[in-house]
Structure formats: C-alpha cells, structure tokens
$ cat target-v1.pdb   # PDB, C-alpha atoms, pLDDT in the B column
ATOM      1  CA  MET A   7     -27.430  19.513 270.187  1.00 66.00           C
ATOM      2  CA  ILE A   8     -28.271  15.799 269.725  1.00 79.00           C
ATOM      3  CA  ALA A   9     -28.209  13.484 272.720  1.00 73.00           C
ATOM      4  CA  SER A  10     -27.740   9.738 272.307  1.00 75.00           C
ATOM      5  CA  MET A  11     -30.781   7.479 272.421  1.00 84.00           C
ATOM      6  CA  PRO A  12     -30.615   4.313 274.575  1.00 87.00           C
ATOM      7  CA  ALA A  13     -31.258   1.180 272.472  1.00 87.00           C
ATOM      8  CA  ASP A  14     -34.008   0.013 274.824  1.00 90.00           C
ATOM      9  CA  ALA A  15     -35.838   3.366 274.864  1.00 91.00           C
ATOM     10  CA  GLU A  16     -39.256   3.374 273.234  1.00 92.00           C
ATOM     11  CA  VAL A  17     -40.054   5.967 270.589  1.00 93.00           C
ATOM     12  CA  TYR A  18     -43.738   6.299 269.737  1.00 93.00           C
ATOM     13  CA  GLY A  19     -44.361   2.595 270.286  1.00 93.00           C
ATOM     14  CA  VAL A  20     -41.131   1.151 268.819  1.00 94.00           C
ATOM     15  CA  GLU A  21     -37.848   0.424 270.576  1.00 95.00           C
ATOM     16  CA  VAL A  22     -34.908   2.466 269.321  1.00 95.00           C
ATOM     17  CA  LYS A  23     -32.942  -0.724 268.547  1.00 96.00           C
ATOM     18  CA  LYS A  24     -35.632  -1.652 265.991  1.00 96.00           C
ATOM     19  CA  LEU A  25     -35.205   1.731 264.294  1.00 96.00           C
ATOM     20  CA  GLN A  26     -31.448   2.231 264.349  1.00 97.00           C
ATOM     21  CA  SER A  27     -28.017   0.952 265.370  1.00 96.00           C
ATOM     22  CA  ASN A  28     -24.957   2.931 266.431  1.00 94.00           C
ATOM     23  CA  VAL A  29     -26.233   6.331 265.283  1.00 95.00           C
ATOM     24  CA  THR A  30     -23.821   9.179 265.999  1.00 94.00           C
ATOM     25  CA  VAL A  31     -23.191  12.657 264.655  1.00 95.00           C
ATOM     26  CA  ASP A  32     -19.717  13.888 263.769  1.00 95.00           C
ATOM     27  CA  GLY A  33     -18.196  17.371 263.965  1.00 95.00           C
ATOM     28  CA  ASP A  34     -19.511  18.219 260.491  1.00 97.00           C
ATOM     29  CA  ASN A  35     -23.086  17.299 261.538  1.00 96.00           C
ATOM     30  CA  VAL A  36     -23.091  14.163 259.409  1.00 97.00           C
ATOM     31  CA  LEU A  37     -25.142  11.326 260.881  1.00 97.00           C
ATOM     32  CA  HIS A  38     -23.515   7.880 260.915  1.00 97.00           C
ATOM     33  CA  GLY A  39     -24.929   4.446 261.723  1.00 96.00           C
ATOM     34  CA  THR A  40     -27.548   2.064 260.376  1.00 97.00           C
ATOM     35  CA  LEU A  41     -31.274   2.699 259.980  1.00 98.00           C
ATOM     36  CA  HIS A  42     -33.323  -0.488 259.924  1.00 97.00           C
ATOM     37  CA  TYR A  43     -36.342  -0.741 257.640  1.00 98.00           C
ATOM     38  CA  VAL A  44     -39.543  -0.585 259.711  1.00 97.00           C
ATOM     39  CA  LYS A  45     -43.059  -1.520 258.570  1.00 95.00           C
ATOM     40  CA  ASP A  46     -46.322  -0.369 260.155  1.00 93.00           C
ATOM     41  CA  TYR A  47     -44.806   2.325 262.369  1.00 96.00           C
ATOM     42  CA  ASP A  48     -48.221   3.572 263.463  1.00 94.00           C
ATOM     43  CA  GLY A  49     -46.739   5.745 266.227  1.00 92.00           C
ATOM     44  CA  TYR A  50     -45.110   7.858 263.517  1.00 93.00           C
ATOM     45  CA  ALA A  51     -48.077   7.818 261.135  1.00 93.00           C
ATOM     46  CA  LYS A  52     -50.689   5.143 260.463  1.00 95.00           C
ATOM     47  CA  GLY A  53     -49.093   2.438 258.307  1.00 94.00           C
ATOM     48  CA  ALA A  54     -45.787   4.340 257.990  1.00 96.00           C
ATOM     49  CA  GLU A  55     -42.803   2.406 256.758  1.00 96.00           C
ATOM     50  CA  GLY A  56     -39.244   3.196 255.839  1.00 97.00           C
ATOM     51  CA  ASN A  57     -35.980   4.096 257.540  1.00 98.00           C
ATOM     52  CA  PHE A  58     -36.274   6.311 260.615  1.00 97.00           C
ATOM     53  CA  VAL A  59     -33.773   7.976 262.909  1.00 96.00           C
ATOM     54  CA  ALA A  60     -34.744   8.992 266.444  1.00 95.00           C
ATOM     55  CA  MET A  61     -32.934  11.916 268.040  1.00 94.00           C
ATOM     56  CA  ARG A  62     -33.305  13.663 271.373  1.00 92.00           C
ATOM     57  CA  LEU A  63     -32.466  17.331 270.985  1.00 91.00           C
ATOM     58  CA  ALA A  64     -30.786  19.141 273.846  1.00 87.00           C
ATOM     59  CA  ALA A  65     -32.620  22.460 274.164  1.00 90.00           C
ATOM     60  CA  ALA A  66     -33.820  24.470 277.139  1.00 90.00           C
ATOM     61  CA  PRO A  67     -37.524  24.117 278.017  1.00 90.00           C
ATOM     62  CA  ASP A  68     -38.136  27.788 277.200  1.00 93.00           C
ATOM     63  CA  ALA A  69     -36.528  27.541 273.738  1.00 95.00           C
ATOM     64  CA  GLU A  70     -38.581  27.237 270.572  1.00 96.00           C
ATOM     65  CA  VAL A  71     -37.370  24.300 268.462  1.00 96.00           C
ATOM     66  CA  THR A  72     -38.402  24.031 264.815  1.00 97.00           C
ATOM     67  CA  TYR A  73     -37.228  21.680 262.088  1.00 97.00           C
ATOM     68  CA  LYS A  74     -37.428  21.291 258.343  1.00 97.00           C
ATOM     69  CA  THR A  75     -37.070  18.327 255.965  1.00 96.00           C
ATOM     70  CA  ASP A  76     -38.276  17.748 252.415  1.00 93.00           C
ATOM     71  CA  ALA A  77     -41.439  16.135 253.801  1.00 92.00           C
ATOM     72  CA  VAL A  78     -41.987  18.475 256.777  1.00 93.00           C
ATOM     73  CA  PRO A  79     -41.302  22.122 255.876  1.00 94.00           C
ATOM     74  CA  ASN A  80     -42.537  23.608 259.182  1.00 95.00           C
ATOM     75  CA  GLY A  81     -42.166  21.137 262.068  1.00 95.00           C
ATOM     76  CA  LYS A  82     -42.184  22.278 265.694  1.00 96.00           C
ATOM     77  CA  LEU A  83     -41.291  20.364 268.854  1.00 95.00           C
ATOM     78  CA  ALA A  84     -43.260  20.789 272.072  1.00 92.00           C
ATOM     79  CA  PRO A  85     -41.320  22.284 275.021  1.00 90.00           C
ATOM     80  CA  ASP A  86     -41.871  19.111 277.043  1.00 87.00           C
ATOM     81  CA  ASP A  87     -40.903  16.704 274.233  1.00 87.00           C
ATOM     82  CA  ARG A  88     -37.576  17.243 272.464  1.00 91.00           C
ATOM     83  CA  LEU A  89     -37.806  13.914 270.662  1.00 92.00           C
ATOM     84  CA  LEU A  90     -37.582  14.048 266.883  1.00 94.00           C
ATOM     85  CA  VAL A  91     -38.149  11.097 264.564  1.00 95.00           C
ATOM     86  CA  TRP A  92     -37.072  11.717 260.973  1.00 96.00           C
ATOM     87  CA  ARG A  93     -38.037   9.416 258.109  1.00 97.00           C
ATOM     88  CA  VAL A  94     -34.932   9.330 255.915  1.00 97.00           C
ATOM     89  CA  PRO A  95     -35.847   8.426 252.319  1.00 96.00           C
ATOM     90  CA  ASP A  96     -32.240   8.492 251.073  1.00 95.00           C
ATOM     91  CA  THR A  97     -28.799   9.615 252.167  1.00 97.00           C
ATOM     92  CA  ASP A  98     -28.684  12.876 250.201  1.00 97.00           C
ATOM     93  CA  LYS A  99     -31.310  14.434 252.513  1.00 97.00           C
ATOM     94  CA  THR A 100     -30.815  16.976 255.279  1.00 97.00           C
ATOM     95  CA  LEU A 101     -32.617  17.945 258.467  1.00 97.00           C
ATOM     96  CA  THR A 102     -32.463  21.583 259.536  1.00 97.00           C
ATOM     97  CA  VAL A 103     -33.064  22.336 263.224  1.00 97.00           C
ATOM     98  CA  THR A 104     -33.459  25.868 264.576  1.00 97.00           C
ATOM     99  CA  VAL A 105     -33.407  26.677 268.281  1.00 96.00           C
ATOM    100  CA  LYS A 106     -34.572  30.132 269.309  1.00 97.00           C
ATOM    101  CA  ARG A 107     -34.216  31.289 272.906  1.00 96.00           C
ATOM    102  CA  GLY A 108     -34.784  34.931 273.682  1.00 94.00           C
ATOM    103  CA  GLU A 109     -32.786  36.973 271.193  1.00 96.00           C
ATOM    104  CA  GLU A 110     -30.478  34.075 270.303  1.00 96.00           C
ATOM    105  CA  THR A 111     -31.082  31.766 267.350  1.00 97.00           C
ATOM    106  CA  ALA A 112     -28.962  28.777 266.318  1.00 96.00           C
ATOM    107  CA  THR A 113     -29.558  26.732 263.168  1.00 97.00           C
ATOM    108  CA  THR A 114     -27.893  23.383 262.488  1.00 96.00           C
ATOM    109  CA  GLU A 115     -28.158  21.284 259.328  1.00 97.00           C
ATOM    110  CA  TYR A 116     -27.748  17.538 259.824  1.00 97.00           C
ATOM    111  CA  LYS A 117     -26.779  15.426 256.821  1.00 98.00           C
ATOM    112  CA  ALA A 118     -27.876  11.829 256.276  1.00 98.00           C
ATOM    113  CA  SER A 119     -24.893  11.092 254.010  1.00 98.00           C
ATOM    114  CA  GLY A 120     -23.114   8.864 256.565  1.00 98.00           C
ATOM    115  CA  LEU A 121     -26.112   6.622 257.252  1.00 98.00           C
ATOM    116  CA  VAL A 122     -26.658   3.107 255.933  1.00 98.00           C
ATOM    117  CA  LEU A 123     -30.308   2.553 255.009  1.00 98.00           C
ATOM    118  CA  GLU A 124     -31.327  -1.085 255.191  1.00 98.00           C
ATOM    119  CA  PRO A 125     -33.609  -2.062 252.307  1.00 97.00           C
ATOM    120  CA  LYS A 126     -37.153  -3.326 252.701  1.00 93.00           C
ATOM    121  CA  ALA A 127     -37.186  -7.078 253.261  1.00 86.00           C
ATOM    122  CA  GLU A 128     -39.017  -8.967 250.545  1.00 75.00           C
TER     123      GLU A 128
END
$ encode --input "target-v1.pdb" --output "structure tokens"
Amino acid sequence: MIASMPADAEVYGVEVKKLQSNVTVDGDNVLHGTLHYVKDYDGYAKGAEGNFVAMRLAAAPDAEVTYKTDAVPNGKLAPDDRLLVWRVPDTDKTLTVTVKRGEETATTEYKASGLVLEPKAE
C-alpha cells in the first residue's frame, strides 16, 4: 500500500531527503529507516517541528482513504493527493490507514517501532 518516495521529491515545501533516509516497510508493516529532526516545517503546520515520515499511498482514485494517529483521529486524504506526512513523536506509535472502495474495505496498521528518530540539534 505504501510506495517509495524519491529523495529529491518535495513534500509540502521540504525535500524528502531532509525528512527521512532509507524508509521502508517490512512484511509485518513495521517502518524502518531514519527520520531527521526538522524545524519550522510550515508546509505541515506553521512552526511545526519534529520527526516526520512521508508516504505515498497506493490507492485507486475512486477509493476513500482515511487514517488515524494519536494526534489525528479522523484524517482523510483527497482523491487526487495520496501523500501522507506523519509526525512521529516516538517509536511506540502506530498509523492506521483504511481504504474503502465500493463494498471492499482494507485496514492496515503501520508501526513506527523500526524507525530511528534523530534528536533535536541543540
């Protein structure tokens, strides 16, 4: 369900390589890789800072895609934009994505437990 993000792609005003390095998902839906600490990520939210992962979700244009995290209990992606940026506060968090198309519904829970979160630089 997750497609890889090119390092030179721009995500809401920041290049992917400034957000993350070598992010993959394994067969158990555990995310792996490094999330860099970003300050002033205004494209995410004015003055936002922290560790972010950018993911492109593979879903048909006519599917409804919703997601849930601790901070966003009822997120929804637009049909023409399957890009999801998740602020990961620590590695015990999960991201739940539900794709509904017609009568079919698929829910996947992604775990942050395999990620390395770089600390804020002093």
$ residues_around --input "target-v1.pdb" --residues "Glu16 of chain A" --least-positions-apart "4" --cutoff "12 Å" --atoms "all atoms listed in the file" --output "list in words"
Met11, Pro12, Val20, Glu21, Val22, Lys23, Lys24, Leu25, Gln26, Gly49, Ala60, Met61, Leu89 and Val91 of chain A
$ resolve_selection --input "target-v1.pdb" --expression "the PyMOL selection byres ((chain A and resi 93) around 6)" --output "CSV table (one decimal) with C-alpha atoms, keeping the file's coordinate frame"
chain,number,residue,atom,x,y,z
A,57,ASN,CA,-36.0,4.1,257.5
A,58,PHE,CA,-36.3,6.3,260.6
A,92,TRP,CA,-37.1,11.7,261.0
A,94,VAL,CA,-34.9,9.3,255.9
$ closest_residue --input "target-v1.pdb" --among "A:Ile8, A:Val36, A:Val105, A:Ala13" --to "Pro67 of chain A" --atoms "only C-alpha atoms"
A:Val105
$ resolve_selection --input "target-v1.pdb" --expression "the PyMOL selection byres ((chain A and resi 71-78) around 9)" --output "MDAnalysis selection string"
chainID A and resid 63 65 69:70 79:85 88 92:93 99:107
$ residues_around --input "target-v1.pdb" --residues "Ala118 of chain A" --least-positions-apart "4" --cutoff "10 Å" --atoms "only C-alpha atoms" --output "ChimeraX atom specification"
/A:31,35-39,59,94-101,122-123
$ closest_residue --input "target-v1.pdb" --among "A:Leu41, A:Asp68, A:Gly33, A:Leu90" --to "Tyr18 of chain A" --atoms "only C-alpha atoms"
A:Leu90
$ resolve_selection --input "target-v1.pdb" --expression "the PyMOL selection byres ((chain A and resi 43-47) around 7)" --output "ChimeraX atom specification"
/A:25,41-42,48-57,124-126
$ write_last_selection --input "target-v1.pdb" --atoms "C-alpha atoms" --output "mmCIF file, in the coordinates of the input"
data_model
loop_
_atom_site.group_PDB
_atom_site.id
_atom_site.type_symbol
_atom_site.label_atom_id
_atom_site.label_comp_id
_atom_site.auth_asym_id
_atom_site.auth_seq_id
_atom_site.Cartn_x
_atom_site.Cartn_y
_atom_site.Cartn_z
ATOM 1 C CA LEU A 25 -35.205 1.731 264.294
ATOM 2 C CA LEU A 41 -31.274 2.699 259.980
ATOM 3 C CA HIS A 42 -33.323 -0.488 259.924
ATOM 4 C CA ASP A 48 -48.221 3.572 263.463
ATOM 5 C CA GLY A 49 -46.739 5.745 266.227
ATOM 6 C CA TYR A 50 -45.110 7.858 263.517
ATOM 7 C CA ALA A 51 -48.077 7.818 261.135
ATOM 8 C CA LYS A 52 -50.689 5.143 260.463
ATOM 9 C CA GLY A 53 -49.093 2.438 258.307
ATOM 10 C CA ALA A 54 -45.787 4.340 257.990
ATOM 11 C CA GLU A 55 -42.803 2.406 256.758
ATOM 12 C CA GLY A 56 -39.244 3.196 255.839
ATOM 13 C CA ASN A 57 -35.980 4.096 257.540
ATOM 14 C CA GLU A 124 -31.327 -1.085 255.191
ATOM 15 C CA PRO A 125 -33.609 -2.062 252.307
ATOM 16 C CA LYS A 126 -37.153 -3.326 252.701
#
$ build_atoms --input "target-v1.pdb" --residues "segment 79-97 of chain A" --atoms "N, CA and C atoms" --output "PDB file, in the frame of the given file"
ATOM      1  N   PRO A  79     -41.935  20.811 256.019  1.00 94.00           N
ATOM      2  CA  PRO A  79     -41.302  22.122 255.876  1.00 94.00           C
ATOM      3  C   PRO A  79     -41.393  23.021 257.109  1.00 94.00           C
ATOM      4  N   ASN A  80     -42.333  22.732 258.026  1.00 95.00           N
ATOM      5  CA  ASN A  80     -42.537  23.608 259.182  1.00 95.00           C
ATOM      6  C   ASN A  80     -42.828  22.830 260.453  1.00 95.00           C
ATOM      7  N   GLY A  81     -41.949  21.927 260.860  1.00 95.00           N
ATOM      8  CA  GLY A  81     -42.166  21.137 262.068  1.00 95.00           C
ATOM      9  C   GLY A  81     -41.791  21.918 263.317  1.00 95.00           C
ATOM     10  N   LYS A  82     -42.473  21.611 264.428  1.00 96.00           N
ATOM     11  CA  LYS A  82     -42.184  22.278 265.694  1.00 96.00           C
ATOM     12  C   LYS A  82     -42.269  21.241 266.814  1.00 96.00           C
ATOM     13  N   LEU A  83     -41.291  21.278 267.721  1.00 95.00           N
ATOM     14  CA  LEU A  83     -41.291  20.364 268.854  1.00 95.00           C
ATOM     15  C   LEU A  83     -41.900  21.047 270.071  1.00 95.00           C
ATOM     16  N   ALA A  84     -42.655  20.280 270.842  1.00 92.00           N
ATOM     17  CA  ALA A  84     -43.260  20.789 272.072  1.00 92.00           C
ATOM     18  C   ALA A  84     -42.165  21.015 273.115  1.00 92.00           C
ATOM     19  N   PRO A  85     -42.336  22.014 273.994  1.00 90.00           N
ATOM     20  CA  PRO A  85     -41.320  22.284 275.021  1.00 90.00           C
ATOM     21  C   PRO A  85     -41.058  21.101 275.943  1.00 90.00           C
ATOM     22  N   ASP A  86     -42.050  20.246 276.140  1.00 87.00           N
ATOM     23  CA  ASP A  86     -41.871  19.111 277.043  1.00 87.00           C
ATOM     24  C   ASP A  86     -41.510  17.819 276.317  1.00 87.00           C
ATOM     25  N   ASP A  87     -41.260  17.897 275.005  1.00 87.00           N
ATOM     26  CA  ASP A  87     -40.903  16.704 274.233  1.00 87.00           C
ATOM     27  C   ASP A  87     -39.907  17.089 273.153  1.00 87.00           C
ATOM     28  N   ARG A  88     -38.638  16.884 273.420  1.00 91.00           N
ATOM     29  CA  ARG A  88     -37.576  17.243 272.464  1.00 91.00           C
ATOM     30  C   ARG A  88     -37.157  16.044 271.626  1.00 91.00           C
ATOM     31  N   LEU A  89     -38.072  15.106 271.454  1.00 92.00           N
ATOM     32  CA  LEU A  89     -37.806  13.914 270.662  1.00 92.00           C
ATOM     33  C   LEU A  89     -38.217  14.166 269.216  1.00 92.00           C
ATOM     34  N   LEU A  90     -37.315  13.860 268.306  1.00 94.00           N
ATOM     35  CA  LEU A  90     -37.582  14.048 266.883  1.00 94.00           C
ATOM     36  C   LEU A  90     -37.337  12.733 266.165  1.00 94.00           C
ATOM     37  N   VAL A  91     -38.309  12.283 265.401  1.00 95.00           N
ATOM     38  CA  VAL A  91     -38.149  11.097 264.564  1.00 95.00           C
ATOM     39  C   VAL A  91     -38.227  11.583 263.115  1.00 95.00           C
ATOM     40  N   TRP A  92     -37.180  11.272 262.364  1.00 96.00           N
ATOM     41  CA  TRP A  92     -37.072  11.717 260.973  1.00 96.00           C
ATOM     42  C   TRP A  92     -37.090  10.485 260.076  1.00 96.00           C
ATOM     43  N   ARG A  93     -38.028  10.481 259.117  1.00 97.00           N
ATOM     44  CA  ARG A  93     -38.037   9.416 258.109  1.00 97.00           C
ATOM     45  C   ARG A  93     -37.035   9.839 257.042  1.00 97.00           C
ATOM     46  N   VAL A  94     -36.026   9.004 256.833  1.00 97.00           N
ATOM     47  CA  VAL A  94     -34.932   9.330 255.915  1.00 97.00           C
ATOM     48  C   VAL A  94     -35.122   8.519 254.633  1.00 97.00           C
ATOM     49  N   PRO A  95     -35.587   9.156 253.557  1.00 96.00           N
ATOM     50  CA  PRO A  95     -35.847   8.426 252.319  1.00 96.00           C
ATOM     51  C   PRO A  95     -34.580   8.037 251.554  1.00 96.00           C
ATOM     52  N   ASP A  96     -33.529   8.843 251.654  1.00 95.00           N
ATOM     53  CA  ASP A  96     -32.240   8.492 251.073  1.00 95.00           C
ATOM     54  C   ASP A  96     -31.157   9.357 251.693  1.00 95.00           C
ATOM     55  N   THR A  97     -29.913   9.006 251.447  1.00 97.00           N
ATOM     56  CA  THR A  97     -28.799   9.615 252.167  1.00 97.00           C
ATOM     57  C   THR A  97     -28.358  10.984 251.637  1.00 97.00           C
TER      58      THR A  97
END
